[in-house]
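data.txt, holding compact mmCIF, C-alpha atoms:
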# COMPACT_ATOMS: atom_id res chain seq x y z
CA MET W 1 21.81 13.50 -63.92
CA ALA W 2 23.44 12.24 -67.12
CA VAL W 3 27.04 12.95 -66.09
CA LEU W 4 26.73 11.02 -62.82
CA ASP W 5 24.99 8.10 -64.49
CA ALA W 6 27.63 7.99 -67.21
CA ALA W 7 30.46 7.99 -64.64
CA ALA W 8 28.82 5.26 -62.53
CA ASP W 9 28.05 3.06 -65.54
CA LEU W 10 31.57 3.35 -66.92
CA ALA W 11 33.26 2.74 -63.59
CA LEU W 12 31.09 -0.22 -62.60
CA GLY W 13 31.65 -1.78 -66.01
CA THR W 14 35.42 -1.54 -65.82
CA ALA W 15 36.26 -1.31 -62.09
CA CYS W 16 38.41 1.74 -62.92
CA VAL W 17 38.07 5.50 -62.60
CA PRO W 18 36.86 6.65 -66.06
CA THR W 19 38.56 9.57 -67.78
CA ILE W 20 36.75 12.89 -68.09
CA ASP W 21 36.71 12.36 -71.86
CA ALA W 22 34.97 9.01 -71.49
CA VAL W 23 32.37 10.43 -69.11
CA ALA W 24 31.77 13.47 -71.34
CA SER W 25 31.39 11.30 -74.42
CA ARG W 26 28.94 8.90 -72.78
CA ALA W 27 26.91 11.73 -71.19
CA GLY W 28 26.85 13.74 -74.42
CA VAL W 29 28.32 16.86 -72.81
CA SER W 30 31.60 18.74 -73.19
CA ARG W 31 34.66 18.38 -70.99
CA THR W 32 34.20 22.04 -70.08
CA THR W 33 30.72 21.37 -68.70
CA ILE W 34 32.08 18.65 -66.43
CA TYR W 35 35.03 20.73 -65.24
CA LYS W 36 32.63 23.56 -64.45
CA TRP W 37 31.12 21.42 -61.68
CA TRP W 38 33.77 18.88 -60.65
CA PRO W 39 37.54 19.18 -60.18
CA SER W 40 38.43 15.71 -61.46
CA SER W 41 36.97 12.50 -62.83
CA ALA W 42 37.56 10.92 -59.43
CA ALA W 43 35.34 13.57 -57.85
CA VAL W 44 32.61 12.92 -60.45
CA LEU W 45 32.84 9.21 -59.76
CA ALA W 46 32.74 9.54 -55.99
CA GLU W 47 29.53 11.61 -56.24
CA ALA W 48 28.11 9.22 -58.85
CA LEU W 49 28.62 6.26 -56.54
CA LEU W 50 26.98 8.09 -53.65
CA GLU W 51 23.93 8.79 -55.84
CA ARG W 52 23.81 5.31 -57.34
CA PHE W 53 23.98 3.48 -54.01
CA HIS W 54 22.29 5.97 -51.72
CA GLU W 55 19.43 3.63 -50.90
CA SER W 56 21.88 1.27 -49.22
CA ILE W 57 22.32 3.78 -46.38
CA GLU W 58 18.69 4.82 -45.94
CA PHE W 59 16.88 3.08 -43.13
CA ASP W 60 13.68 3.78 -41.34
CA ASP W 61 13.82 5.24 -37.84
CA GLY W 62 10.84 3.00 -37.12
CA LEU W 63 13.21 0.06 -36.94
CA ALA W 64 14.78 -0.94 -33.64
CA VAL W 65 18.31 0.48 -33.48
CA ARG W 66 19.93 -2.95 -33.42
CA ASP W 67 17.97 -4.00 -36.51
CA ALA W 68 18.69 -0.75 -38.34
CA LEU W 69 22.44 -1.12 -37.74
CA THR W 70 22.48 -4.80 -38.66
CA LEU W 71 20.58 -4.09 -41.90
CA GLN W 72 23.00 -1.30 -42.72
CA VAL W 73 26.05 -3.55 -42.26
CA ASP W 74 24.31 -6.24 -44.30
CA ALA W 75 23.51 -3.74 -47.07
CA LEU W 76 27.24 -2.94 -47.28
CA VAL W 77 28.14 -6.65 -47.40
CA ARG W 78 25.67 -7.19 -50.26
CA LEU W 79 26.78 -4.06 -52.11
CA LEU W 80 30.45 -5.04 -51.98
CA ARG W 81 29.85 -8.73 -52.66
CA ASP W 82 26.97 -8.82 -55.14
CA THR W 83 27.56 -5.73 -57.31
CA PRO W 84 30.60 -4.40 -59.18
CA ALA W 85 30.88 -1.76 -56.43
CA GLY W 86 33.16 -4.05 -54.40
CA ALA W 87 35.82 -4.50 -57.07
CA LEU W 88 35.51 -0.84 -58.02
CA LEU W 89 35.90 0.39 -54.45
CA ARG W 90 38.97 -1.81 -54.00
CA GLN W 91 40.52 -0.21 -57.09
CA LEU W 92 39.56 3.29 -55.91
CA LEU W 93 41.12 2.68 -52.48
CA ALA W 94 44.26 1.39 -54.19
CA ALA W 95 44.45 4.49 -56.37
CA ALA W 96 43.84 6.69 -53.32
CA ALA W 97 47.05 5.36 -51.75
CA SER W 98 48.95 7.57 -54.21
CA ASP W 99 46.29 10.24 -54.91
CA GLU W 100 45.33 12.35 -51.90
CA ARG W 101 42.58 14.18 -53.76
CA LEU W 102 40.89 10.90 -54.63
CA GLY W 103 41.27 9.81 -51.01
CA ARG W 104 39.50 12.96 -49.84
CA ALA W 105 36.74 12.50 -52.46
CA LEU W 106 36.18 8.91 -51.32
CA LEU W 107 35.94 10.01 -47.71
CA ALA W 108 33.58 12.89 -48.50
CA GLN W 109 31.32 11.05 -50.94
CA TRP W 110 31.48 7.42 -49.90
CA MET W 111 32.56 7.06 -46.30
CA ASP W 112 31.26 10.19 -44.56
CA PRO W 113 27.59 9.84 -45.65
CA ARG W 114 27.67 6.15 -44.71
CA ARG W 115 29.22 6.88 -41.34
CA GLU W 116 26.75 9.68 -40.68
CA SER W 117 23.83 7.40 -41.37
CA ALA W 118 25.18 4.79 -38.93
CA VAL W 119 26.09 7.42 -36.32
CA HIS W 120 22.49 8.68 -36.57
CA HIS W 121 21.19 5.28 -35.45
CA VAL W 122 23.78 4.99 -32.67
CA ARG W 123 22.74 8.43 -31.34
CA ARG W 124 19.08 7.43 -31.63
CA GLY W 125 19.92 4.34 -29.58
CA ILE W 126 21.53 6.48 -26.89
CA GLU W 127 18.54 8.85 -26.79
CA GLN W 128 16.09 5.97 -26.56
CA GLY W 129 18.07 4.33 -23.78
CA ASP W 130 18.94 1.24 -25.84
CA LEU W 131 22.64 2.08 -25.85
CA ARG W 132 24.90 3.24 -23.04
CA ALA W 133 25.13 7.02 -22.81
CA ASP W 134 28.93 6.93 -22.90
CA VAL W 135 29.42 4.96 -26.13
CA ASP W 136 31.77 6.54 -28.66
CA ALA W 137 29.63 6.60 -31.80
CA ASP W 138 32.60 6.85 -34.17
CA LEU W 139 34.33 3.89 -32.56
CA VAL W 140 31.13 1.83 -32.71
CA VAL W 141 30.76 2.58 -36.42
CA ASP W 142 34.37 1.49 -36.99
CA ALA W 143 33.76 -1.72 -35.05
CA LEU W 144 30.61 -2.54 -37.05
CA PHE W 145 31.78 -1.70 -40.56
CA ALA W 146 35.58 -2.16 -40.49
CA PRO W 147 35.40 -6.00 -40.62
CA VAL W 148 33.46 -5.73 -43.90
CA TYR W 149 35.98 -3.40 -45.56
CA HIS W 150 38.83 -5.44 -44.04
CA ARG W 151 37.64 -8.60 -45.82
CA LEU W 152 37.18 -6.68 -49.08
CA VAL W 153 40.71 -5.26 -48.98
CA TRP W 154 42.62 -8.33 -47.72
CA GLY W 155 40.42 -11.15 -49.02
CA HIS W 156 41.35 -13.40 -46.08
CA ALA W 157 37.72 -14.43 -45.50
CA PRO W 158 34.49 -14.18 -47.50
CA LEU W 159 31.80 -11.53 -47.21
CA ASP W 160 29.34 -14.23 -46.23
CA ALA W 161 25.65 -13.99 -45.58
CA GLY W 162 25.89 -14.20 -41.80
CA LEU W 163 28.65 -11.62 -41.37
CA ALA W 164 26.52 -8.56 -40.53
CA GLN W 165 24.53 -10.44 -37.90
CA GLN W 166 27.68 -11.98 -36.39
CA VAL W 167 29.48 -8.65 -36.13
CA CYS W 168 26.46 -6.90 -34.63
CA ASP W 169 25.91 -9.73 -32.14
CA LEU W 170 29.57 -9.48 -31.12
CA VAL W 171 29.53 -5.70 -30.65
CA TRP W 172 26.10 -5.34 -29.06
CA PRO W 173 26.89 -6.44 -25.49
CA GLY W 174 29.69 -3.84 -25.40
CA ILE W 175 27.38 -0.95 -26.28
CA ALA W 176 23.92 -1.92 -25.00
CA ALA W 177 22.40 -0.30 -21.95
CA SER W 178 22.29 -2.94 -19.24
CA ARG W 179 18.55 -3.53 -19.60
CA THR W 180 19.05 -4.57 -23.27
CA ALA W 181 22.49 -6.20 -23.12
CA THR W 182 21.42 -9.70 -24.19
CA MET X 1 69.84 -12.95 -43.74
CA ALA X 2 71.30 -10.32 -46.06
CA VAL X 3 68.64 -10.59 -48.77
CA LEU X 4 65.75 -10.11 -46.33
CA ASP X 5 67.46 -7.20 -44.60
CA ALA X 6 68.18 -5.57 -47.94
CA ALA X 7 64.57 -5.93 -49.07
CA ALA X 8 63.18 -4.57 -45.79
CA ASP X 9 65.60 -1.64 -45.71
CA LEU X 10 64.86 -0.65 -49.31
CA ALA X 11 61.10 -0.98 -48.96
CA LEU X 12 60.86 0.89 -45.65
CA GLY X 13 63.02 3.66 -47.08
CA THR X 14 60.87 4.15 -50.15
CA ALA X 15 57.41 2.74 -49.23
CA CYS X 16 57.55 0.73 -52.48
CA VAL X 17 58.26 -2.87 -53.44
CA PRO X 18 61.96 -2.88 -54.44
CA THR X 19 63.05 -4.55 -57.67
CA ILE X 20 64.97 -7.84 -57.56
CA ASP X 21 67.96 -5.97 -59.02
CA ALA X 22 67.90 -3.42 -56.22
CA VAL X 23 67.68 -6.12 -53.54
CA ALA X 24 70.44 -8.18 -55.18
CA SER X 25 72.71 -5.16 -55.45
CA ARG X 26 72.21 -4.11 -51.84
CA ALA X 27 72.60 -7.65 -50.51
CA GLY X 28 75.68 -8.30 -52.65
CA VAL X 29 74.24 -11.42 -54.27
CA SER X 30 73.14 -12.32 -57.79
CA ARG X 31 69.59 -12.18 -59.15
CA THR X 32 69.88 -15.93 -59.71
CA THR X 33 70.50 -16.54 -56.02
CA ILE X 34 67.35 -14.62 -55.10
CA TYR X 35 65.21 -16.34 -57.74
CA LYS X 36 66.47 -19.69 -56.45
CA TRP X 37 64.59 -19.06 -53.19
CA TRP X 38 61.78 -16.60 -53.95
CA PRO X 39 59.41 -16.29 -56.93
CA SER X 40 59.24 -12.47 -56.95
CA SER X 41 60.48 -9.36 -55.21
CA ALA X 42 57.06 -9.06 -53.56
CA ALA X 43 57.54 -12.50 -52.03
CA VAL X 44 61.00 -11.51 -50.75
CA LEU X 45 59.56 -8.35 -49.25
CA ALA X 46 56.62 -10.06 -47.58
CA GLU X 47 59.00 -12.49 -45.85
CA ALA X 48 61.39 -9.68 -44.99
CA LEU X 49 58.63 -7.72 -43.27
CA LEU X 50 57.56 -10.79 -41.31
CA GLU X 51 61.13 -11.24 -40.07
CA ARG X 52 61.69 -7.54 -39.36
CA PHE X 53 58.51 -7.08 -37.32
CA HIS X 54 58.11 -10.52 -35.83
CA GLU X 55 58.52 -9.29 -32.28
CA SER X 56 55.32 -7.26 -32.66
CA ILE X 57 53.28 -10.48 -32.64
CA GLU X 58 55.11 -12.35 -29.86
CA PHE X 59 53.43 -12.19 -26.48
CA ASP X 60 53.88 -14.13 -23.32
CA ASP X 61 51.26 -16.71 -22.40
CA GLY X 62 51.82 -15.55 -18.84
CA LEU X 63 49.77 -12.45 -19.62
CA ALA X 64 46.03 -12.43 -19.03
CA VAL X 65 44.27 -13.06 -22.35
CA ARG X 66 42.63 -9.63 -22.39
CA ASP X 67 46.00 -7.96 -21.79
CA ALA X 68 47.76 -10.09 -24.40
CA LEU X 69 45.16 -9.21 -27.05
CA THR X 70 45.13 -5.52 -26.14
CA LEU X 71 48.93 -5.36 -26.33
CA GLN X 72 48.87 -7.09 -29.69
CA VAL X 73 46.37 -4.60 -31.14
CA ASP X 74 48.42 -1.76 -29.66
CA ALA X 75 51.62 -3.19 -31.18
CA LEU X 76 49.92 -3.07 -34.59
CA VAL X 77 48.77 0.52 -34.01
CA ARG X 78 52.32 1.56 -33.10
CA LEU X 79 53.87 -0.38 -35.98
CA LEU X 80 51.57 1.21 -38.57
CA ARG X 81 51.69 4.69 -37.02
CA ASP X 82 55.26 5.08 -35.76
CA THR X 83 57.33 3.21 -38.35
CA PRO X 84 57.47 3.32 -42.17
CA ALA X 85 55.64 -0.04 -42.14
CA GLY X 86 52.28 1.77 -42.22
CA ALA X 87 52.92 3.70 -45.43
CA LEU X 88 54.60 0.66 -46.95
CA LEU X 89 51.73 -1.68 -46.10
CA ARG X 90 49.25 0.78 -47.59
CA GLN X 91 51.24 0.78 -50.84
CA LEU X 92 51.53 -3.02 -50.81
CA LEU X 93 47.76 -3.40 -50.31
CA ALA X 94 47.18 -0.96 -53.15
CA ALA X 95 49.49 -2.94 -55.43
CA ALA X 96 47.80 -6.18 -54.37
CA ALA X 97 44.49 -4.90 -55.78
CA SER X 98 45.90 -5.60 -59.23
CA ASP X 99 48.48 -8.31 -58.38
CA GLU X 100 46.99 -11.53 -57.03
CA ARG X 101 50.39 -13.08 -56.29
CA LEU X 102 51.33 -10.13 -54.10
CA GLY X 103 47.95 -10.39 -52.38
CA ARG X 104 48.61 -14.03 -51.55
CA ALA X 105 52.14 -13.24 -50.33
CA LEU X 106 50.79 -10.51 -48.03
CA LEU X 107 48.21 -12.88 -46.61
CA ALA X 108 50.74 -15.69 -46.11
CA GLN X 109 53.58 -13.58 -44.70
CA TRP X 110 51.88 -10.64 -43.02
CA MET X 111 48.30 -11.41 -42.14
CA ASP X 112 48.24 -15.16 -41.44
CA PRO X 113 51.05 -15.20 -38.83
CA ARG X 114 49.49 -12.17 -37.12
CA ARG X 115 46.05 -13.74 -37.11
CA GLU X 116 47.44 -17.05 -35.84
CA SER X 117 49.12 -15.31 -32.94
CA ALA X 118 45.86 -13.58 -31.99
CA VAL X 119 43.77 -16.73 -32.50
CA HIS X 120 46.19 -18.50 -30.15
CA HIS X 121 45.30 -16.11 -27.34
CA VAL X 122 41.56 -16.33 -28.10
CA ARG X 123 41.75 -20.15 -27.90
CA ARG X 124 43.77 -19.88 -24.68
CA GLY X 125 40.99 -17.65 -23.32
CA ILE X 126 38.37 -20.26 -24.19
CA GLU X 127 40.43 -23.06 -22.58
CA GLN X 128 40.98 -21.03 -19.43
CA GLY X 129 37.30 -20.15 -19.19
CA ASP X 130 37.88 -16.41 -19.69
CA LEU X 131 36.04 -16.42 -23.02
CA ARG X 132 32.75 -18.04 -23.99
CA ALA X 133 33.22 -21.52 -25.46
CA ASP X 134 31.21 -20.62 -28.58
CA VAL X 135 33.16 -17.54 -29.70
CA ASP X 136 34.26 -17.58 -33.34
CA ALA X 137 38.01 -16.90 -33.05
CA ASP X 138 38.37 -15.65 -36.63
CA LEU X 139 35.51 -13.21 -36.22
CA VAL X 140 36.94 -11.93 -32.93
CA VAL X 141 40.32 -11.34 -34.57
CA ASP X 142 38.60 -9.40 -37.38
CA ALA X 143 36.69 -7.32 -34.82
CA LEU X 144 39.86 -6.48 -32.86
CA PHE X 145 42.25 -5.72 -35.72
CA ALA X 146 40.03 -4.54 -38.59
CA PRO X 147 39.45 -1.06 -37.11
CA VAL X 148 43.22 -0.49 -37.11
CA TYR X 149 43.69 -1.47 -40.76
CA HIS X 150 40.48 0.41 -41.64
CA ARG X 151 41.93 3.67 -40.31
CA LEU X 152 45.22 3.03 -42.11
CA VAL X 153 43.51 2.45 -45.46
CA TRP X 154 40.81 5.16 -45.32
CA GLY X 155 42.48 7.72 -43.09
CA HIS X 156 39.13 8.89 -41.68
CA ALA X 157 40.42 8.87 -38.09
CA PRO X 158 43.85 8.73 -36.45
CA LEU X 159 45.63 5.65 -35.11
CA ASP X 160 45.61 7.21 -31.69
CA ALA X 161 47.14 5.99 -28.48
CA GLY X 162 43.88 4.86 -26.90
CA LEU X 163 42.55 2.93 -29.90
CA ALA X 164 43.67 -0.58 -28.91
CA GLN X 165 42.23 -0.25 -25.42
CA GLN X 166 38.98 1.24 -26.72
CA VAL X 167 38.45 -1.52 -29.29
CA CYS X 168 39.26 -4.27 -26.80
CA ASP X 169 36.94 -2.73 -24.19
CA LEU X 170 34.17 -2.58 -26.80
CA VAL X 171 34.58 -6.19 -27.93
CA TRP X 172 35.25 -7.80 -24.55
CA PRO X 173 31.67 -7.96 -23.19
CA GLY X 174 30.62 -9.77 -26.37
CA ILE X 175 33.19 -12.55 -25.95
CA ALA X 176 33.82 -12.84 -22.21
CA ALA X 177 32.52 -15.73 -20.18
CA SER X 178 29.84 -14.35 -17.91
CA ARG X 179 32.04 -14.41 -14.81
CA THR X 180 34.54 -12.07 -16.51
CA ALA X 181 32.21 -9.91 -18.62
CA THR X 182 32.98 -6.57 -16.98

What would the structure in this file look like if it were written as structure tokens?
Amino acid sequence: MAVLDAAADLALGTACVPTIDAVASRAGVSRTTIYKWWPSSAAVLAEALLERFHESIEFDDGLAVRDALTLQVDALVRLLRDTPAGALLRQLLAAAASDERLGRALLAQWMDPRRESAVHHVRRGIEQGDLRADVDADLVVDALFAPVYHRLVWGHAPLDAGLAQQVCDLVWPGIAASRTAT
Amino acid sequence: MAVLDAAADLALGTACVPTIDAVASRAGVSRTTIYKWWPSSAAVLAEALLERFHESIEFDDGLAVRDALTLQVDALVRLLRDTPAGALLRQLLAAAASDERLGRALLAQWMDPRRESAVHHVRRGIEQGDLRADVDADLVVDALFAPVYHRLVWGHAPLDAGLAQQVCDLVWPGIAASRTAT
């Protein structure tokens, strides 16, 4: 959809939330058309980023749960490190500190779909007997993905190539059913 | 020290970085005096916060390593949830996204001393044989503390009373020496 592509292109080029005017101009539509469907440019952008990067949260249920989760963490590392999405997300999170509506849009369009996709694999792991029945899926998703966002926001350590594997190896013994704990 | 107290009081009252003029006025000193010792108001504030909250990273080596780490994560949860430090830190991180000097001051004055204190306990655990000899202390510290900062920054889940214990319980089997893995 032209509006979403325009918003994503502008934002990824500048690492800022584009204005509605800029999005409308690039998409060749009127401001009114955009406001008919979205409440703010931040909301357009959040949806645009979800669409643009959706493949980074799609993984085959044919994969072993541990592999699916590791690949998903690694896809986030690569997305934040190797594309302009990292710098852009850092700016969006900064802006969200003083803009509650943007914060809600980021949760709804960026974080929630990503968390749901990871929770899906955790639940699959519980059903298949790979993971302990009593694991808290939301906590596990925090444990797996928070170190990646933490390094993006603070910059105290790099988003290096081995990070996803290291984090998953660290967390796995705490969540695996005893027959698969090693 | 009057300057540090003034900076901490102003920042915690407003959740913003105070100006040098405001700090000087409250501390009853001149701008020149402050600039003699600190390069910016952000640098004053970062040091002020370290001094104000230093007790939250001091733990007795007499404690078992697992208890010391759990208490340290819990102290961070309480600090960010129950005092104005949480809202302030969120604003400082947001400002650091477009101010590299502030980012470096936050790392040097907030994050590094906290990480060092946690790394100390991880190393103590390795020396005492509680933790596996090959654990990566920096990665473990990320795994333990990142979920807390992650919830502060995104707001997708509360900093609830059980969080520190839950995170430590999740991570422990992945780092414990086999004799202490449960």

Quick one: contact table of chain W to chain X, 8 Å max, nearest atom pair and distance in Å to one decimal per residue, counting only C-alpha atoms, chain and number order, as a Markdown table?
| residue | atom | partner | partner_atom | distance |
| --- | --- | --- | --- | --- |
| W:Arg90 | CA | X:Ala97 | CA | 6.6 |
| W:Gln91 | CA | X:Ala97 | CA | 6.3 |
| W:Leu93 | CA | X:Ala94 | CA | 7.1 |
| W:Ala94 | CA | X:Ala94 | CA | 3.9 |
| W:Ala95 | CA | X:Ala94 | CA | 6.9 |
| W:Ala97 | CA | X:Gln91 | CA | 6.3 |
| W:Ser98 | CA | X:Gln91 | CA | 7.9 |
| W:Gly103 | CA | X:Trp154 | CA | 7.4 |
| W:Leu107 | CA | X:His156 | CA | 6.9 |
| W:Leu139 | CA | X:Val167 | CA | 7.5 |
| W:Val140 | CA | X:Leu170 | CA | 8.0 |
| W:Asp142 | CA | X:Pro147 | CA | 5.7 |
| W:Ala143 | CA | X:Pro147 | CA | 6.1 |
| W:Ala146 | CA | X:Pro147 | CA | 5.3 |
| W:Pro147 | CA | X:Ala146 | CA | 5.3 |
| W:Tyr149 | CA | X:His150 | CA | 7.1 |
| W:His150 | CA | X:Ala146 | CA | 5.7 |
| W:Val153 | CA | X:Leu93 | CA | 7.4 |
| W:Trp154 | CA | X:Leu107 | CA | 7.3 |
| W:His156 | CA | X:Leu107 | CA | 6.9 |
| W:Gln166 | CA | X:Leu139 | CA | 7.9 |
| W:Val167 | CA | X:Ala143 | CA | 7.4 |
| W:Asp169 | CA | X:Gly174 | CA | 7.4 |
| W:Leu170 | CA | X:Gly174 | CA | 4.9 |
| W:Val171 | CA | X:Val171 | CA | 5.8 |
| W:Trp172 | CA | X:Gly174 | CA | 6.9 |
| W:Pro173 | CA | X:Gly174 | CA | 5.1 |
| W:Gly174 | CA | X:Leu170 | CA | 4.9 |
| W:Ile175 | CA | X:Leu170 | CA | 7.0 |

Prev. selection, C-alpha atoms, output as a short mmCIF file (atom, residue, chain, number, x, y, z; two decimals), keeping the file's coordinate frame:
data_model
loop_
_atom_site.label_atom_id
_atom_site.label_comp_id
_atom_site.auth_asym_id
_atom_site.auth_seq_id
_atom_site.Cartn_x
_atom_site.Cartn_y
_atom_site.Cartn_z
CA ARG W 90 38.97 -1.81 -54.00
CA GLN W 91 40.52 -0.21 -57.09
CA LEU W 93 41.12 2.68 -52.48
CA ALA W 94 44.26 1.39 -54.19
CA ALA W 95 44.45 4.49 -56.37
CA ALA W 97 47.05 5.36 -51.75
CA SER W 98 48.95 7.57 -54.21
CA GLY W 103 41.27 9.81 -51.01
CA LEU W 107 35.94 10.01 -47.71
CA LEU W 139 34.33 3.89 -32.56
CA VAL W 140 31.13 1.83 -32.71
CA ASP W 142 34.37 1.49 -36.99
CA ALA W 143 33.76 -1.72 -35.05
CA ALA W 146 35.58 -2.16 -40.49
CA PRO W 147 35.40 -6.00 -40.62
CA TYR W 149 35.98 -3.40 -45.56
CA HIS W 150 38.83 -5.44 -44.04
CA VAL W 153 40.71 -5.26 -48.98
CA TRP W 154 42.62 -8.33 -47.72
CA HIS W 156 41.35 -13.40 -46.08
CA GLN W 166 27.68 -11.98 -36.39
CA VAL W 167 29.48 -8.65 -36.13
CA ASP W 169 25.91 -9.73 -32.14
CA LEU W 170 29.57 -9.48 -31.12
CA VAL W 171 29.53 -5.70 -30.65
CA TRP W 172 26.10 -5.34 -29.06
CA PRO W 173 26.89 -6.44 -25.49
CA GLY W 174 29.69 -3.84 -25.40
CA ILE W 175 27.38 -0.95 -26.28
#

Using only the atoms of segment 99-117 of chain X listed in the file, plus 6 Å on each side, state the axis-aligned box centre and edge lengths in Å rounded to one decimal, as AutoDock Vina command-line options.
--center_x 49.8 --center_y -12.7 --center_z -45.7 --size_x 19.5 --size_y 20.7 --size_z 37.4

- Could you give me, as a PyMOL selection string, the residues within 7 Å of segment 3-9 of chain W, counting all atoms listed in the file and dropping anything in the same chain fewer than 5 positions from it? chain W and resi 18+23+26-27+44-45+48-49

Selected residues written out with C-alpha atoms, as an mmCIF file, in the coordinates of the input:
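Printed below is part_18.cif as written:
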data_model
loop_
_atom_site.group_PDB
_atom_site.id
_atom_site.type_symbol
_atom_site.label_atom_id
_atom_site.label_comp_id
_atom_site.auth_asym_id
_atom_site.auth_seq_id
_atom_site.Cartn_x
_atom_site.Cartn_y
_atom_site.Cartn_z
ATOM 1 C CA PRO W 18 36.860 6.650 -66.060
ATOM 2 C CA VAL W 23 32.370 10.430 -69.110
ATOM 3 C CA ARG W 26 28.940 8.900 -72.780
ATOM 4 C CA ALA W 27 26.910 11.730 -71.190
ATOM 5 C CA VAL W 44 32.610 12.920 -60.450
ATOM 6 C CA LEU W 45 32.840 9.210 -59.760
ATOM 7 C CA ALA W 48 28.110 9.220 -58.850
ATOM 8 C CA LEU W 49 28.620 6.260 -56.540
#

- Item | Long-range neighbours of Gln72 of chain X as a PyMOL selection string, 12 Å cut-off, all atoms listed in the file, 3 positions minimum in chain | chain X and resi 54-60+63+65-69+75-79+114-122+141+144-145+148+163-165+167-168

Those same residues - C-alpha atoms - I'd like them written as a compact mmCIF listing (two decimals), keeping the file's coordinate frame.
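Final output, saved to again_29.txt:
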# COMPACT_ATOMS: atom_id res chain seq x y z
CA HIS X 54 58.11 -10.52 -35.83
CA GLU X 55 58.52 -9.29 -32.28
CA SER X 56 55.32 -7.26 -32.66
CA ILE X 57 53.28 -10.48 -32.64
CA GLU X 58 55.11 -12.35 -29.86
CA PHE X 59 53.43 -12.19 -26.48
CA ASP X 60 53.88 -14.13 -23.32
CA LEU X 63 49.77 -12.45 -19.62
CA VAL X 65 44.27 -13.06 -22.35
CA ARG X 66 42.63 -9.63 -22.39
CA ASP X 67 46.00 -7.96 -21.79
CA ALA X 68 47.76 -10.09 -24.40
CA LEU X 69 45.16 -9.21 -27.05
CA ALA X 75 51.62 -3.19 -31.18
CA LEU X 76 49.92 -3.07 -34.59
CA VAL X 77 48.77 0.52 -34.01
CA ARG X 78 52.32 1.56 -33.10
CA LEU X 79 53.87 -0.38 -35.98
CA ARG X 114 49.49 -12.17 -37.12
CA ARG X 115 46.05 -13.74 -37.11
CA GLU X 116 47.44 -17.05 -35.84
CA SER X 117 49.12 -15.31 -32.94
CA ALA X 118 45.86 -13.58 -31.99
CA VAL X 119 43.77 -16.73 -32.50
CA HIS X 120 46.19 -18.50 -30.15
CA HIS X 121 45.30 -16.11 -27.34
CA VAL X 122 41.56 -16.33 -28.10
CA VAL X 141 40.32 -11.34 -34.57
CA LEU X 144 39.86 -6.48 -32.86
CA PHE X 145 42.25 -5.72 -35.72
CA VAL X 148 43.22 -0.49 -37.11
CA LEU X 163 42.55 2.93 -29.90
CA ALA X 164 43.67 -0.58 -28.91
CA GLN X 165 42.23 -0.25 -25.42
CA VAL X 167 38.45 -1.52 -29.29
CA CYS X 168 39.26 -4.27 -26.80

- Item | Residue nearest Ala46 of chain X - candidates X:Arg101, X:Asp61, X:Ser30, X:Arg132, atoms counted: only C-alpha atoms |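 Among X:Arg101, X:Asp61, X:Ser30, X:Arg132, it is X:Arg101 that comes nearest to Ala46 of chain X.
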
- Point-to-point distance in Å for atom CA of Ile34 of chain X and atom CA of Leu50 of chain X: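 Interatomic distance, atom CA of Leu50 of chain X to atom CA of Ile34 of chain X: 17.3 Å.
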
- Message: So the first atom is atom CA of Ser40 of chain W and the second is atom CA of Asp99 of chain W; what is the distance between them in Å, to one decimal place?
- Response: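 A separation of 11.6 Å between them.
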
- Kindly give the distance, in Å, that separates atom CA of Gly125 of chain W and atom CA of Ser178 of chain X, rounded to a single decimal.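 The value is 24.2 Å.
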
- Message: I need the residue nearest Leu71 of chain W from this list: W:Ala161, W:Val17, W:Leu152, W:Ala2. Use only C-alpha atoms for the distance.
- Response: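 Of all the options, W:Ala161 lies closest to Leu71 of chain W.
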